[in-house]
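Following: one structure in structure tokens, then a few remarks.
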Amino acid sequence: MTAISGDRVRATLKRGLAATALGRDPAPGATLLIYHRVGGGSRDELDLPADAFRAQLDLLPPAHVVSLDTAVDRLAAGDPTPSIVLTFDDGFADVYANAWPELRARALPFTLYLATGCIGEQMRWEGSTGTSGGSAALSWDQVAELADSGLATIGNHTRSHARPEALTATELDEASDDIERRLGLRPAHFAYPWGIAVPDMEHALRCRFRSAATGVLGRNLPGCDPIRLRRVPVRRTDPPAFFRAKLGGRLVQERAYAAVVGLGKRAGAHA
């Protein structure tokens with residue numbers, strides 16, 4: 001299956017699943033959307049075309065798009081008000097080139113989790129995908145511009161994009177030190193590289209951060225553990241209706257899609 005035909009299959013499947021969505025109002029609690037790249041020009045599922053990203057922003061209810069701190073405050077206060085948080089992992093340069101102008105024009109807050117060892121260099125780490133490995137990273141001047149805007153929350157994503165088995169307090173502190181040295185602020189939020197939680201690191205995380213985000217699919221309701229936040233991935237093949245379904249309900253469509261893809265992979269298909 002070619003990349004283009006694979007994209008068509010995924011998009012067709014998602015359009016069918018989206019047809020089962022009920023309601024269009026944002027769901028209660030905090031929905032953390034995961035982005036990586038915007039307009040990078042690759043066929044990676046995590047690299048959204050710039051026009052698709054713009055269309056998604058137009059579907060968001062602006063009043064419900066809030067900073068990560070606001071969302072965490074609401075959860076801690078027992079407030080179920082719908083909160084949509086835009087998060088970007090790693091620190092790809094195309095986020096500055098293609099996502100930032102759209103976010104700035106709409107005055108939408110967002111969070112940028114940085115793998116600080118890549119900033120000013122290339123996005124390359126052990127196990128990075130062929131389409132992303134070696135792509136340009138943000139510069140520190142660009143990160144500073146985002147932070148100074150008041151719209152961007154800068155978070156910690158380790159220095160080396162550490163694999164779960166290599167996550168250490170040193171990795172956390174070196175990345176936070178990099179950010180503090182360059183920007184004059186110490187990050188209060190963390191996202192696990194690879195999205196895989198490391199229970200043995202939770203004490204270290206609680207001592208350093210207000211929140212830690214995983215890659216576990218789900219929404220966050222009042223009373224949840226802020227060191228185990230769940231998120232919702234966004235992919236290049238998400239049609240508008242499927243993206244809208246991510247914002248409401250119980251993520252039935254997203255879970256169904258993940259199940260179908262998992263079955264295909266187990267059967268040897270290139271889903």
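Residues are referred to by chain and number: the chain letter is A, B, ... according to the order shown in the structure tokens, the number counts from 1 in that chain, and ligands are numbered separately from 1 in the order shown.
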### Message
Can you pull out the residues contacting range 115-129 of chain A? Cut-off 6 Å, using only C-alpha atoms, and skip same-chain residues under 3 positions away; I want them as number ranges by chain.
### Response
A: 90, 132-139, 157-161, 175
### Task
Report as number ranges by chain: the residues of range 58-254 of chain A with a DSSP assignment of strand (DSSP E), based on the backbone of this structure.
A: 83-90, 110-114, 122-123, 135-136, 152-156, 189-191, 211-217, 229-233
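Residues in contact with Asp7 in chain A at up to 9 Å, not including ones fewer than 6 positions away on its chain and judged by only C-alpha atoms, are Arg43, Glu45, Arg236 and Thr237 of chain A.
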Residues from the last selection, N, CA and C atoms, saved as a short mmCIF file (atom, residue, chain, number, x, y, z; two decimals), in the first residue's frame:
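Listing of out34.cif after writing:
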```cif
data_model
loop_
_atom_site.label_atom_id
_atom_site.label_comp_id
_atom_site.auth_asym_id
_atom_site.auth_seq_id
_atom_site.Cartn_x
_atom_site.Cartn_y
_atom_site.Cartn_z
N ARG A 43 5.21 12.65 4.80
CA ARG A 43 4.00 11.83 4.81
C ARG A 43 3.73 11.24 6.19
N GLU A 45 2.16 10.59 9.64
CA GLU A 45 0.81 10.82 10.13
C GLU A 45 0.74 11.97 11.13
N ARG A 236 -2.69 13.63 10.39
CA ARG A 236 -2.89 14.28 9.10
C ARG A 236 -4.12 13.77 8.36
N THR A 237 -4.56 12.55 8.65
CA THR A 237 -5.70 11.97 7.94
C THR A 237 -7.01 12.17 8.69
#
```
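The smallest atom-to-atom distance between Ala188 in chain A and any of A:Asp225, A:Asp69, A:Asp79, A:Glu254, using only C-alpha atoms, is found for A:Asp69.
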### Polymer residues at most 10 Å from Phe88 in chain A, only C-alpha atoms, same-chain spacing of 4 or more positions, as a PyMOL selection string
chain A and resi 33-38+92+95+99+110-114+154-155+191
Okay, now the selection with N, CA and C atoms, as a PDB file, in the first residue's frame?
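Written file, again23.pdb:
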```pdb
ATOM      1  N   LEU A  33      -5.035  18.201  23.203  1.00  0.00           N
ATOM      2  CA  LEU A  33      -4.768  17.728  21.848  1.00  0.00           C
ATOM      3  C   LEU A  33      -3.263  17.685  21.607  1.00  0.00           C
ATOM      4  N   ILE A  34      -2.783  16.583  21.019  1.00  0.00           N
ATOM      5  CA  ILE A  34      -1.343  16.430  20.742  1.00  0.00           C
ATOM      6  C   ILE A  34      -1.064  16.729  19.278  1.00  0.00           C
ATOM      7  N   TYR A  35      -0.233  17.741  19.050  1.00  0.00           N
ATOM      8  CA  TYR A  35       0.321  18.013  17.729  1.00  0.00           C
ATOM      9  C   TYR A  35       1.833  17.803  17.778  1.00  0.00           C
ATOM     10  N   HIS A  36       2.411  17.559  16.617  1.00  0.00           N
ATOM     11  CA  HIS A  36       3.860  17.474  16.495  1.00  0.00           C
ATOM     12  C   HIS A  36       4.381  18.436  15.426  1.00  0.00           C
ATOM     13  N   ARG A  37       3.959  18.194  14.176  1.00  0.00           N
ATOM     14  CA  ARG A  37       4.440  19.002  13.062  1.00  0.00           C
ATOM     15  C   ARG A  37       3.263  19.620  12.309  1.00  0.00           C
ATOM     16  N   VAL A  38       3.513  20.766  11.677  1.00  0.00           N
ATOM     17  CA  VAL A  38       2.502  21.429  10.852  1.00  0.00           C
ATOM     18  C   VAL A  38       3.174  21.925   9.578  1.00  0.00           C
ATOM     19  N   PHE A  92       9.616  21.179  16.601  1.00  0.00           N
ATOM     20  CA  PHE A  92       9.920  21.269  15.173  1.00  0.00           C
ATOM     21  C   PHE A  92       9.815  22.707  14.673  1.00  0.00           C
ATOM     22  N   VAL A  95       6.536  24.281  13.241  1.00  0.00           N
ATOM     23  CA  VAL A  95       5.511  24.810  14.149  1.00  0.00           C
ATOM     24  C   VAL A  95       5.596  26.337  14.183  1.00  0.00           C
ATOM     25  N   ALA A  99       2.370  26.973  12.174  1.00  0.00           N
ATOM     26  CA  ALA A  99       1.328  26.985  13.200  1.00  0.00           C
ATOM     27  C   ALA A  99       1.279  28.328  13.935  1.00  0.00           C
ATOM     28  N   PHE A 110      -1.293  28.025  23.790  1.00  0.00           N
ATOM     29  CA  PHE A 110      -0.844  26.664  23.480  1.00  0.00           C
ATOM     30  C   PHE A 110       0.356  26.330  24.345  1.00  0.00           C
ATOM     31  N   THR A 111       0.702  25.048  24.386  1.00  0.00           N
ATOM     32  CA  THR A 111       1.852  24.571  25.147  1.00  0.00           C
ATOM     33  C   THR A 111       2.838  23.919  24.194  1.00  0.00           C
ATOM     34  N   LEU A 112       4.107  24.211  24.384  1.00  0.00           N
ATOM     35  CA  LEU A 112       5.183  23.663  23.555  1.00  0.00           C
ATOM     36  C   LEU A 112       6.130  22.894  24.461  1.00  0.00           C
ATOM     37  N   TYR A 113       6.146  21.572  24.331  1.00  0.00           N
ATOM     38  CA  TYR A 113       7.040  20.721  25.114  1.00  0.00           C
ATOM     39  C   TYR A 113       8.337  20.528  24.326  1.00  0.00           C
ATOM     40  N   LEU A 114       9.452  20.984  24.889  1.00  0.00           N
ATOM     41  CA  LEU A 114      10.719  21.007  24.159  1.00  0.00           C
ATOM     42  C   LEU A 114      11.657  19.874  24.561  1.00  0.00           C
ATOM     43  N   ILE A 154       5.886  27.069  27.881  1.00  0.00           N
ATOM     44  CA  ILE A 154       7.025  26.233  27.496  1.00  0.00           C
ATOM     45  C   ILE A 154       7.185  25.117  28.519  1.00  0.00           C
ATOM     46  N   GLY A 155       7.124  23.877  28.020  1.00  0.00           N
ATOM     47  CA  GLY A 155       7.217  22.715  28.895  1.00  0.00           C
ATOM     48  C   GLY A 155       8.464  21.894  28.643  1.00  0.00           C
ATOM     49  N   ALA A 191       5.953  16.635  29.537  1.00  0.00           N
ATOM     50  CA  ALA A 191       5.307  15.594  28.735  1.00  0.00           C
ATOM     51  C   ALA A 191       6.292  14.463  28.521  1.00  0.00           C
TER      52      ALA A 191
END
```
### Message
For Gly223 in chain A, find every residue with an atom within 9 Å (counting only C-alpha atoms), except residues of its own chain fewer than 2 positions away, and show them as a ChimeraX atom specification.
### Response
/A:75-78,220-221,225-226
